[in-house]
file input19.txt (compact mmCIF, C-alpha atoms)
# COMPACT_ATOMS: atom_id res chain seq x y z
CA MET A 142 -20.80 18.44 28.02
CA PRO A 143 -18.79 15.45 29.31
CA LYS A 144 -15.06 15.55 29.84
CA SER A 145 -12.87 14.71 26.86
CA VAL A 146 -12.26 10.99 26.43
CA GLY A 147 -9.69 9.00 24.51
CA TYR A 148 -11.00 8.30 21.04
CA LEU A 149 -8.92 5.21 20.15
CA TYR A 150 -8.73 1.99 22.09
CA LYS A 151 -8.20 -1.74 21.63
CA LYS A 152 -10.60 -4.51 22.56
CA PRO A 153 -9.17 -7.60 24.32
CA ASP A 154 -10.44 -9.87 21.52
CA SER A 155 -9.30 -7.72 18.59
CA ALA A 156 -5.88 -6.76 17.20
CA ASN A 157 -7.34 -3.71 15.48
CA TRP A 158 -7.79 -0.21 16.85
CA TRP A 159 -11.36 0.96 17.56
CA ILE A 160 -12.88 4.43 17.86
CA LYS A 161 -15.33 5.49 20.56
CA LEU A 162 -17.50 8.60 20.21
CA GLN A 163 -19.59 9.73 23.18
CA TYR A 164 -22.34 12.36 23.31
CA PRO A 165 -24.14 14.10 26.20
CA ALA A 166 -27.62 12.80 27.00
CA SER A 167 -29.15 16.09 25.82
CA MET A 168 -28.17 15.29 22.24
CA GLY A 169 -30.13 12.03 22.21
CA ARG A 170 -27.39 10.19 20.33
CA SER A 171 -26.02 6.77 21.13
CA MET A 172 -22.34 6.08 21.73
CA VAL A 173 -20.50 4.96 18.57
CA ARG A 174 -17.99 2.10 18.76
CA LYS A 175 -16.39 1.12 15.44
CA SER A 176 -13.38 -0.90 14.30
CA LEU A 177 -10.88 1.05 12.18
CA GLY A 178 -9.73 -2.13 10.46
CA THR A 179 -6.01 -1.79 11.25
CA SER A 180 -3.59 -2.72 14.02
CA ASP A 181 -1.27 0.19 13.12
CA ARG A 182 -1.78 3.16 15.46
CA ALA A 183 -0.65 5.83 12.98
CA GLU A 184 -2.92 4.47 10.25
CA ALA A 185 -5.81 4.26 12.71
CA GLU A 186 -5.34 7.93 13.67
CA ILE A 187 -5.57 8.99 10.01
CA LYS A 188 -8.69 6.89 9.43
CA ALA A 189 -10.30 8.29 12.58
CA LEU A 190 -9.69 11.95 11.69
CA PRO A 191 -12.92 12.61 9.73
CA MET A 192 -15.08 11.03 12.44
CA ILE A 193 -13.25 12.91 15.21
CA GLN A 194 -13.65 16.20 13.34
CA ALA A 195 -17.38 15.73 13.00
CA HIS A 196 -17.66 14.67 16.65
CA LYS A 197 -15.76 17.72 17.92
CA MET A 198 -17.89 20.07 15.86
CA ASP A 199 -21.09 18.49 17.20
CA LEU A 200 -19.90 18.88 20.81
CA LEU A 201 -18.79 22.47 20.21
CA GLU A 202 -22.18 23.38 18.80
CA GLU A 203 -23.92 21.70 21.74
CA ALA A 204 -21.70 23.54 24.23
CA ASN A 205 -22.52 26.89 22.64
CA ARG A 206 -26.20 26.03 22.62
CA ARG A 207 -26.46 24.88 26.25
CA GLY A 208 -23.78 26.92 28.02
CA ARG A 209 -22.55 30.14 26.46
CA ARG A 210 -25.70 30.36 24.34
CA PHE A 211 -23.72 31.69 21.42
CA LYS A 212 -24.24 30.64 17.85
CA VAL A 213 -21.45 30.30 15.29
CA GLN A 214 -22.17 33.25 13.05
CA ALA A 215 -19.09 33.12 10.86
CA ILE A 216 -15.99 30.98 10.39
CA GLN A 217 -12.63 32.11 9.08
CA THR A 218 -9.96 29.57 8.12
CA LYS A 219 -6.29 29.74 9.08
CA HIS A 220 -5.11 27.55 6.17
CA PRO A 221 -6.63 27.31 2.66
CA VAL A 222 -9.30 24.65 2.38
CA GLY A 223 -7.95 21.66 0.44
CA PHE A 224 -4.30 20.83 -0.18
CA SER A 225 -1.42 23.28 0.29
CA LYS A 226 2.23 23.29 1.28
CA LEU A 227 4.15 25.18 3.94
CA PRO A 228 7.53 26.78 3.07
CA ASP A 229 9.38 23.82 4.64
CA GLY A 230 7.56 21.33 2.38
CA THR A 231 5.04 20.12 4.97
CA GLU A 232 1.80 19.06 3.26
CA VAL A 233 -1.42 20.54 4.67
CA PHE A 234 -4.85 18.94 4.23
CA ALA A 235 -7.44 21.40 5.51
CA ASP A 236 -11.20 21.69 5.67
CA ASN A 237 -13.32 24.24 7.52
CA VAL A 238 -12.72 22.47 10.83
CA THR A 239 -9.24 20.95 11.03
CA ALA A 240 -5.85 21.30 9.38
CA LYS A 241 -3.73 18.15 9.22
CA PHE A 242 0.02 18.25 8.62
CA LEU A 243 1.85 15.41 6.84
CA LYS A 244 5.55 14.94 6.19
CA ASP A 245 6.53 12.27 3.65
CA GLY A 246 3.00 10.88 3.85
CA VAL A 247 3.08 10.56 7.67
CA LEU A 248 0.72 12.52 9.91
CA ILE A 249 2.83 14.76 12.18
CA GLY A 250 0.14 16.93 13.74
CA GLN A 251 -3.12 18.80 13.40
CA GLU A 252 -4.80 21.97 14.66
CA ASP A 253 -8.15 23.73 14.50
CA ASN A 254 -8.51 25.54 11.20
CA PHE A 255 -11.23 27.98 12.19
CA ILE A 256 -11.68 31.30 13.94
CA LEU A 257 -15.25 31.59 15.23
CA ASN A 258 -17.50 34.65 15.35
CA LEU A 259 -19.83 33.97 18.30
CA THR A 260 -21.76 37.24 18.42
CA GLN A 261 -25.33 36.06 17.91
CA ARG A 262 -27.22 34.36 20.72
CA PHE A 263 -29.45 31.35 20.28
CA GLU A 264 -33.12 31.80 20.96
CA PRO A 265 -35.24 28.82 22.02
CA SER A 266 -36.97 28.77 18.63
CA ASP A 267 -33.60 29.01 16.92
CA ALA A 268 -32.23 25.77 18.33
CA PRO A 269 -32.97 22.98 15.85
CA LYS A 270 -32.17 19.45 16.88
CA PRO A 271 -28.79 18.39 15.57
CA LYS A 272 -28.96 16.14 12.53
CA PRO A 273 -27.21 12.80 12.95
CA LYS A 274 -24.01 12.59 10.94
CA PRO A 275 -23.82 9.84 8.31
CA VAL A 276 -21.84 6.84 9.56
CA ASP A 277 -18.58 6.34 7.67
CA ASN A 278 -18.54 2.68 6.68
CA ASP A 279 -16.16 3.18 3.76
CA VAL A 280 -13.37 1.13 5.32
CA GLU A 281 -15.77 -1.84 5.31
CA LEU A 282 -15.81 -1.67 1.48
CA LEU A 283 -12.05 -2.17 1.48
CA ASP A 284 -12.19 -4.92 4.11
CA GLU A 285 -14.82 -6.81 2.12
CA TYR A 286 -12.78 -6.54 -1.07
CA LEU A 287 -9.60 -7.80 0.65
CA ARG A 288 -11.55 -10.71 2.14
CA PHE A 289 -13.20 -11.55 -1.20
CA ARG A 290 -9.88 -11.50 -3.08
CA GLY A 291 -8.17 -13.60 -0.41
CA HIS A 292 -5.53 -11.03 0.55
CA ASP A 293 -3.76 -11.53 3.86
CA PRO A 294 -5.18 -8.74 6.10
CA GLU A 295 -1.71 -8.25 7.58
CA GLY A 296 0.12 -8.65 4.26
CA ALA A 297 1.95 -6.11 2.12
CA TYR A 298 -0.90 -5.59 -0.36
CA ALA A 299 -3.47 -4.95 2.37
CA ALA A 300 -1.12 -2.57 4.17
CA GLU A 301 -0.45 -0.51 1.03
CA ALA A 302 -4.15 -0.50 0.13
CA ARG A 303 -5.14 0.74 3.60
CA SER A 304 -2.45 3.42 3.52
CA THR A 305 -3.67 4.68 0.12
CA TRP A 306 -7.30 4.56 1.28
CA ALA A 307 -6.46 6.61 4.39
CA GLU A 308 -4.49 9.14 2.33
CA PHE A 309 -7.40 9.67 -0.05
CA LYS A 310 -9.88 10.07 2.82
CA ALA A 311 -7.59 12.67 4.41
CA PHE A 312 -7.15 14.38 1.03
CA THR A 313 -10.93 14.80 0.63
CA GLY A 314 -11.41 15.99 4.20
CA GLY A 315 -13.23 12.80 5.17
CA LYS A 316 -15.84 12.74 2.39
CA LEU A 317 -17.80 9.53 2.10
CA ILE A 318 -16.93 7.51 -0.98
CA GLU A 319 -20.56 7.64 -2.12
CA ASP A 320 -20.35 11.45 -2.09
CA CYS A 321 -17.15 11.58 -4.17
CA ASP A 322 -17.16 11.99 -7.92
CA ARG A 323 -14.60 11.99 -10.73
CA THR A 324 -13.62 15.55 -9.81
CA ASP A 325 -12.28 14.16 -6.52
CA GLY A 326 -10.64 11.28 -8.39
CA ARG A 327 -8.90 13.58 -10.87
CA ALA A 328 -7.82 15.95 -8.08
CA TYR A 329 -6.23 13.04 -6.20
CA VAL A 330 -4.39 11.98 -9.37
CA GLU A 331 -2.96 15.50 -9.71
CA PHE A 332 -1.96 15.40 -6.04
CA LEU A 333 -0.04 12.16 -6.64
CA ARG A 334 1.63 13.57 -9.75
CA GLY A 335 2.58 16.62 -7.69
CA LYS A 336 4.58 14.30 -5.46
CA GLY A 337 6.68 13.32 -8.47
CA LEU A 338 5.18 9.85 -8.93
CA LYS A 339 5.36 8.18 -12.34
CA THR A 340 2.19 7.19 -14.19
CA ALA A 341 2.65 3.49 -13.36
CA THR A 342 2.78 4.29 -9.65
CA VAL A 343 -0.21 6.62 -9.89
CA VAL A 344 -2.18 3.86 -11.64
CA LYS A 345 -1.18 1.41 -8.91
CA ARG A 346 -2.36 3.80 -6.15
CA VAL A 347 -5.63 4.56 -7.95
CA ASN A 348 -6.28 0.84 -8.43
CA PHE A 349 -6.02 0.34 -4.66
CA LEU A 350 -9.07 2.62 -4.48
CA ALA A 351 -10.92 1.72 -7.66
CA ALA A 352 -10.87 -2.07 -7.25
CA PRO A 353 -12.80 -2.16 -3.92
CA ILE A 354 -15.28 0.40 -5.29
CA ASN A 355 -15.85 -1.66 -8.45
CA HIS A 356 -16.40 -4.71 -6.27
CA ALA A 357 -18.96 -2.79 -4.18
CA ASN A 358 -20.70 -1.72 -7.40
CA GLU A 359 -20.92 -5.35 -8.51
CA THR A 360 -22.41 -6.44 -5.17
CA GLY A 361 -24.88 -3.55 -5.11
CA ASP A 362 -23.37 -1.90 -2.03
CA LEU A 363 -22.38 1.19 -4.00
CA LYS A 364 -23.19 3.00 -7.23
CA GLY A 365 -20.61 4.77 -9.38
CA ASN A 366 -16.83 4.93 -9.24
CA SER A 367 -15.07 8.27 -8.79
CA PHE A 368 -11.87 6.72 -10.20
CA PHE A 369 -13.28 5.62 -13.57
CA LYS A 370 -10.70 6.65 -16.21
CA VAL A 371 -9.20 9.48 -14.17
CA VAL A 372 -5.53 8.79 -14.95
CA ASP A 373 -4.25 10.40 -18.13
CA HIS A 374 -1.44 8.13 -19.27
CA LYS A 375 1.86 9.85 -19.92
CA ASP A 376 5.01 8.48 -21.49
CA ASP A 377 7.07 8.89 -18.31
CA LYS A 378 8.04 5.27 -17.83
CA LEU A 379 11.73 4.81 -17.10
CA ASP A 380 13.30 2.22 -19.43
CA ARG A 381 14.96 -0.47 -17.32
CA LEU A 382 18.45 -1.76 -18.07
CA CYS A 383 19.82 -5.13 -17.01
CA PHE A 384 23.01 -5.45 -15.00
CA ASP A 385 26.12 -6.01 -17.15
CA ALA A 386 29.23 -8.05 -16.36
CA ASN A 387 30.94 -5.13 -14.59
CA ASP A 388 27.90 -4.56 -12.39
CA MET A 389 27.76 -8.23 -11.42
CA ALA A 390 31.48 -8.24 -10.65
CA LEU A 391 31.12 -5.23 -8.35
CA ALA A 392 28.19 -6.87 -6.62
CA GLN A 393 30.04 -10.16 -6.21
CA GLY A 394 33.28 -8.67 -4.92
CA HIS A 395 32.23 -5.60 -2.98
CA MET A 396 28.50 -5.70 -2.20
CA LEU A 397 27.56 -9.27 -1.27
CA PRO A 398 30.19 -9.64 1.50
CA LYS A 399 28.74 -6.57 3.27
CA LEU A 400 25.06 -7.45 2.92
CA GLY A 401 22.87 -8.83 5.66
CA LYS A 402 21.90 -12.50 5.46
CA ASP A 403 18.42 -11.85 4.06
CA GLU A 404 19.56 -9.31 1.48
CA ARG A 405 22.44 -11.53 0.29
CA LEU A 406 20.15 -14.55 -0.14
CA MET A 407 17.54 -12.49 -1.98
CA TRP A 408 20.18 -11.17 -4.43
CA ILE A 409 21.54 -14.65 -5.17
CA ILE A 410 18.09 -16.18 -5.71
CA LEU A 411 16.98 -13.38 -8.04
CA ALA A 412 20.28 -13.34 -9.96
CA THR A 413 20.39 -17.10 -10.57
CA THR A 414 16.69 -17.82 -11.25
CA GLY A 415 15.06 -14.60 -12.51
CA MET A 416 12.32 -14.86 -9.89
CA ARG A 417 10.27 -11.86 -8.82
CA HIS A 418 10.94 -10.51 -5.31
CA SER A 419 7.59 -11.74 -4.02
CA GLU A 420 8.13 -15.22 -5.49
CA ALA A 421 11.46 -15.70 -3.74
CA PHE A 422 10.02 -14.35 -0.49
CA SER A 423 7.04 -16.73 -0.64
CA ILE A 424 9.10 -19.95 -0.84
CA ARG A 425 8.17 -22.25 2.07
CA GLU A 426 9.02 -25.76 0.89
CA GLU A 427 10.91 -27.70 -1.76
CA PHE A 428 10.25 -30.77 -3.89
CA GLU A 429 12.37 -33.33 -5.70
CA GLU A 430 12.18 -34.96 -9.10
CA GLY A 431 14.80 -37.42 -10.32
CA GLY A 432 17.14 -36.33 -7.54
CA ILE A 433 16.85 -32.64 -8.53
CA ARG A 434 15.62 -30.15 -5.94
CA TYR A 435 13.04 -27.59 -7.08
CA VAL A 436 10.46 -25.14 -5.74
CA ARG A 437 7.00 -24.08 -6.87
CA VAL A 438 6.41 -20.36 -7.25
CA GLY A 439 4.14 -17.91 -9.03
CA ALA A 440 0.74 -16.43 -8.28
CA LYS A 441 0.66 -13.26 -10.39
CA THR A 442 -1.04 -15.00 -13.35
CA GLU A 443 -1.84 -18.58 -14.29
CA SER A 444 1.20 -18.67 -16.58
CA SER A 445 3.49 -17.49 -13.77
CA LYS A 446 2.82 -20.65 -11.76
CA ARG A 447 5.83 -22.82 -12.41
CA ARG A 448 8.44 -25.23 -11.08
CA VAL A 449 11.94 -23.82 -10.77
CA PRO A 450 15.00 -26.10 -10.33
CA LEU A 451 17.43 -24.83 -7.71
CA PRO A 452 20.72 -23.92 -9.49
CA ASP A 453 23.88 -25.58 -8.22
CA CYS A 454 25.47 -22.21 -7.33
CA LEU A 455 22.46 -21.38 -5.14
CA LEU A 456 22.40 -24.63 -3.14
CA PRO A 457 25.27 -23.72 -0.71
CA HIS A 458 23.23 -20.74 0.45
CA LEU A 459 20.08 -22.75 1.21
CA PRO A 460 19.15 -25.10 4.07
CA ARG A 461 19.67 -28.82 3.51
CA LYS A 462 15.93 -28.96 2.96
CA ILE A 463 13.52 -26.04 2.77
CA THR A 464 10.73 -26.56 5.32
CA GLY A 465 9.76 -22.97 6.10
CA PRO A 466 10.44 -19.31 5.27
CA LEU A 467 13.92 -18.60 3.90
CA PHE A 468 14.07 -15.06 5.30
CA GLU A 469 14.21 -13.91 8.91
CA ASP A 470 12.82 -10.42 8.25
CA PRO A 471 9.00 -10.71 7.95
CA SER A 472 8.91 -7.65 5.67
CA LEU A 473 9.72 -8.10 1.99
CA LYS A 474 9.61 -4.31 1.67
CA ASN A 475 12.50 -3.91 4.14
CA ILE A 476 14.67 -6.47 2.34
CA SER A 477 14.03 -4.91 -1.07
CA LYS A 478 14.75 -1.37 0.18
CA ASN A 479 18.00 -2.43 1.88
CA LEU A 480 19.11 -4.24 -1.26
CA LEU A 481 18.43 -1.24 -3.51
CA ARG A 482 20.35 1.05 -1.13
CA ALA A 483 23.33 -1.32 -1.35
CA VAL A 484 23.12 -1.33 -5.16
CA ARG A 485 23.18 2.47 -5.19
CA ARG A 486 26.17 2.60 -2.82
CA VAL A 487 28.34 -0.04 -4.47
CA VAL A 488 27.15 -1.09 -7.93
CA THR A 489 25.55 1.83 -9.82
CA LYS A 490 23.65 5.06 -9.35
CA ASP A 491 21.91 4.68 -12.72
CA LYS A 492 18.18 4.86 -11.86
CA ARG A 493 17.42 2.63 -14.84
CA LYS A 494 19.09 -0.23 -12.98
CA VAL A 495 17.22 -1.57 -9.96
CA VAL A 496 17.12 -4.92 -8.19
CA TYR A 497 14.40 -6.02 -10.62
CA SER A 498 17.05 -5.61 -13.34
CA LEU A 499 18.35 -9.02 -12.24
CA ARG A 500 15.24 -10.48 -13.86
CA HIS A 501 16.06 -8.66 -17.11
CA ARG A 502 19.60 -9.99 -16.87
CA VAL A 503 18.32 -13.57 -16.67
CA HIS A 504 16.32 -13.02 -19.86
CA THR A 505 19.48 -11.74 -21.57
CA ARG A 506 21.64 -14.62 -20.31
CA LEU A 507 19.16 -17.26 -21.50
CA ARG A 508 19.06 -15.67 -24.95
CA GLU A 509 22.87 -15.48 -25.09
CA ILE A 510 23.30 -19.18 -24.35
CA GLY A 511 20.71 -20.15 -26.97
CA CYS A 512 18.00 -21.35 -24.62
CA PRO A 513 14.77 -22.20 -26.54
CA ILE A 514 12.14 -19.49 -26.13
CA ASP A 515 9.56 -21.86 -24.57
CA ILE A 516 12.03 -22.92 -21.90
CA GLN A 517 13.01 -19.28 -21.30
CA LYS A 518 9.39 -18.37 -20.65
CA GLU A 519 8.89 -21.31 -18.33
CA ILE A 520 11.98 -20.50 -16.25
CA VAL A 521 11.02 -16.83 -15.72
CA GLY A 522 7.24 -17.36 -15.67
CA HIS A 523 6.07 -15.42 -18.71
CA GLY A 524 2.95 -16.12 -20.75
CA ASN A 525 3.27 -19.29 -22.78
CA GLY A 526 -0.34 -20.30 -22.74
CA ASP A 527 -2.09 -22.07 -19.85
CA HIS A 528 0.60 -24.02 -18.02
CA GLY A 529 -1.99 -26.07 -16.19
CA ASN A 530 -0.28 -28.16 -13.50
CA TYR A 531 2.88 -26.10 -12.97
CA GLY A 532 4.59 -26.10 -16.33
CA THR A 533 5.06 -28.23 -19.40
CA PHE A 534 8.78 -29.14 -19.25
CA GLY A 535 10.35 -31.70 -16.92
CA ILE A 536 12.77 -30.57 -14.21
CA ARG A 537 15.61 -32.45 -15.96
CA THR A 538 15.00 -30.34 -19.07
CA LEU A 539 15.03 -27.03 -17.21
CA LYS A 540 17.96 -27.71 -14.85
CA PRO A 541 20.91 -27.52 -17.35
CA TRP A 542 19.69 -24.17 -18.67
CA ILE A 543 19.13 -22.53 -15.29
CA ASP A 544 22.57 -23.72 -14.12
CA GLN A 545 24.19 -21.68 -16.91
CA ILE A 546 22.73 -18.36 -15.71
CA GLY A 547 25.17 -18.04 -12.80
CA LEU A 548 26.17 -14.98 -10.77
CA ALA A 549 28.89 -13.54 -13.03
call {"tool": "encode", "arguments": {"input": "input19.txt", "output": "structure tokens"}}
result
Amino acid sequence: MPKSVGYLYKKPDSANWWIKLQYPASMGRSMVRKSLGTSDRAEAEIKALPMIQAHKMDLLEEANRRGRRFKVQAIQTKHPVGFSKLPDGTEVFADNVTAKFLKDGVLIGQEDNFILNLTQRFEPSDAPKPKPKPVDNDVELLDEYLRFRGHDPEGAYAAEARSTWAEFKAFTGGKLIEDCDRTDGRAYVEFLRGKGLKTATVVKRVNFLAAPINHANETGDLKGNSFFKVVDHKDDKLDRLCFDANDMALAQGHMLPKLGKDERLMWIILATTGMRHSEAFSIREEFEEGGIRYVRVGAKTESSKRRVPLPDCLLPHLPRKITGPLFEDPSLKNISKNLLRAVRRVVTKDKRKVVYSLRHRVHTRLREIGCPIDIQKEIVGHGNGDHGNYGTFGIRTLKPWIDQIGLA
């Protein structure tokens, strides 16, 4: 048996982590080199776990066969097979080979989960050739889906999808997707609910898994979907409230002065336009019509694509002309988290009020000032039929209404 080698490595021409599995010549198996589809080391380690487990078991069996000549007669497990929790809240994913320990969804360690009984010797006739393990190409299903849908492989959606995919693979002990069924899907849903997640979040996580599998079914690369109708919908949605005048006053006087540049700009854009977080973050350029500056945003649906005039109260916080990203932090997730923490510290601890409540506030403000419903929908990007080429109203028509939203 060869000396232990490092499993993960990076190729000079690739940003992603790769796994390398070597076998002794006596096993008659070729070396495996495979991309793990991610540049994040922690995520790569989670994705590699099932393959490393199988590899270690193969080498252990070969060592017993060729050296000590003992056969594994019985296996006892240290931790229950499946999902369990330690007294300190650490989550344990265990199969018959390995126990993995996660804290807040992050892998913090692993250990062998078996105690071997090696009392029976192998006889020459009792030494069958090892069967080759099935190659785990599941991550390629996700990669193909992301490519087909045009998602940025380094973007937020791809990162969250890969994280969910890796969590599910760890949850099932490395089972191939083609070997999973709705029992696995339902069990994963219960695992997510056990973490206190609301139905909407559970549906979002499950869709990260179901969408690539559905795509593989359509292309003929896979048959069946273990996540077909596995989420039982519960009325656990938290009703959102918009920020009132007192909230906005607290934010204006006590929160904004203490915010970082990115967080302050995000708050002002959302409060004065009703944009979604991702829309504000995606702004890269501006346009002009009749001397009025505006931006084009929206990609969620066809009706969300729209032109948004830049309110007068927002202009002092913007460059003279937008010619690139408005935010220095490349992570929208960081900006949003920092902003919500500031809201909880200064403005309100009411969980029904979040940063997205600024969008609800814009709806309320437009109704209060008597803005026509069609113009309301165009400003915030809600369904009003097929908008075609970025909206139906001229910038001059939209500008007076959006200027009345304000920050107060």
call {"tool": "residues_around", "arguments": {"input": "input19.txt", "residues": "stretch 466-478 of chain A", "least_positions_apart": "3", "cutoff": "12 Å", "atoms": "only C-alpha atoms", "output": "PyMOL selection string"}}
result
chain A and resi 295-298+300-301+400-408+410-411+417-427+458-463+481-485+495-497
call {"tool": "closest_residue", "arguments": {"input": "input19.txt", "among": "A:Gly547, A:Pro353, A:Gly291, A:Gly337", "to": "A:Ala412", "atoms": "only C-alpha atoms"}}
result
A:Gly547
call {"tool": "closest_residue", "arguments": {"input": "input19.txt", "among": "A:Ile187, A:Cys321, A:Val438, A:Val372", "to": "A:Ala341", "atoms": "all atoms listed in the file"}}
result
A:Val372
call {"tool": "residues_around", "arguments": {"input": "input19.txt", "residues": "stretch 238-246 of chain A", "least_positions_apart": "5", "cutoff": "9 Å", "atoms": "all atoms listed in the file", "output": "PyMOL selection string"}}
result
chain A and resi 190+194-195+198+218-220+222+230-233+251-255+308+311+314
call {"tool": "closest_residue", "arguments": {"input": "input19.txt", "among": "A:Pro541, A:Gly361, A:Gly250, A:Gly326", "to": "A:Val347", "atoms": "all atoms listed in the file"}}
result
A:Gly326
call {"tool": "closest_residue", "arguments": {"input": "input19.txt", "among": "A:His196, A:Lys339, A:Arg290, A:Lys310", "to": "A:Val173", "atoms": "all atoms listed in the file"}}
result
A:His196
call {"tool": "atom_distance", "arguments": {"input": "input19.txt", "atom1": "atom CA of A:Pro191", "atom2": "atom CA of A:Ser304"}}
result
15.3 Å
call {"tool": "closest_residue", "arguments": {"input": "input19.txt", "among": "A:Lys175, A:Arg182, A:Arg508, A:His523", "to": "A:Met416", "atoms": "only C-alpha atoms"}}
result
A:His523
call {"tool": "residues_around", "arguments": {"input": "input19.txt", "residues": "A:Glu429", "least_positions_apart": "4", "cutoff": "10 Å", "atoms": "all atoms listed in the file", "output": "PyMOL selection string"}}
result
chain A and resi 433-436+450+536
call {"tool": "residues_around", "arguments": {"input": "input19.txt", "residues": "A:Arg448", "least_positions_apart": "4", "cutoff": "10 Å", "atoms": "only C-alpha atoms", "output": "compact mmCIF listing (two decimals) with C-alpha atoms, in the frame of the given file"}}
result
# COMPACT_ATOMS: atom_id res chain seq x y z
CA GLU A 427 10.91 -27.70 -1.76
CA PHE A 428 10.25 -30.77 -3.89
CA TYR A 435 13.04 -27.59 -7.08
CA VAL A 436 10.46 -25.14 -5.74
CA ARG A 437 7.00 -24.08 -6.87
CA VAL A 438 6.41 -20.36 -7.25
CA GLY A 439 4.14 -17.91 -9.03
CA GLU A 519 8.89 -21.31 -18.33
CA ILE A 520 11.98 -20.50 -16.25
CA VAL A 521 11.02 -16.83 -15.72
CA GLY A 522 7.24 -17.36 -15.67
CA ASN A 530 -0.28 -28.16 -13.50
CA TYR A 531 2.88 -26.10 -12.97
CA GLY A 532 4.59 -26.10 -16.33
CA THR A 533 5.06 -28.23 -19.40
CA PHE A 534 8.78 -29.14 -19.25
CA GLY A 535 10.35 -31.70 -16.92
CA ILE A 536 12.77 -30.57 -14.21
CA LEU A 539 15.03 -27.03 -17.21
call {"tool": "residues_near_point", "arguments": {"input": "input19.txt", "point": "(28.6, -9.6, -13.7)", "cutoff": "7 Å", "atoms": "all atoms listed in the file", "output": "MDAnalysis selection string"}}
result
chainID A and resid 385:390 548:549
call {"tool": "atom_distance", "arguments": {"input": "input19.txt", "atom1": "atom CA of A:Glu509", "atom2": "atom CA of A:Trp542"}}
result
11.3 Å
call {"tool": "closest_residue", "arguments": {"input": "input19.txt", "among": "A:Leu201, A:Met172, A:Ala185, A:Val503", "to": "A:Leu382", "atoms": "only C-alpha atoms"}}
result
A:Val503
call {"tool": "atom_distance", "arguments": {"input": "input19.txt", "atom1": "atom CA of A:Tyr148", "atom2": "atom CA of A:Lys161"}}
result
5.2 Å
call {"tool": "axis_aligned_box", "arguments": {"input": "input19.txt", "around": "stretch 337-354 of chain A", "padding_each_side": "4 Å", "output": "JSON"}}
result
{"center_x": -4.3, "center_y": 5.6, "center_z": -9.1, "size_x": 30.0, "size_y": 23.5, "size_z": 18.3}
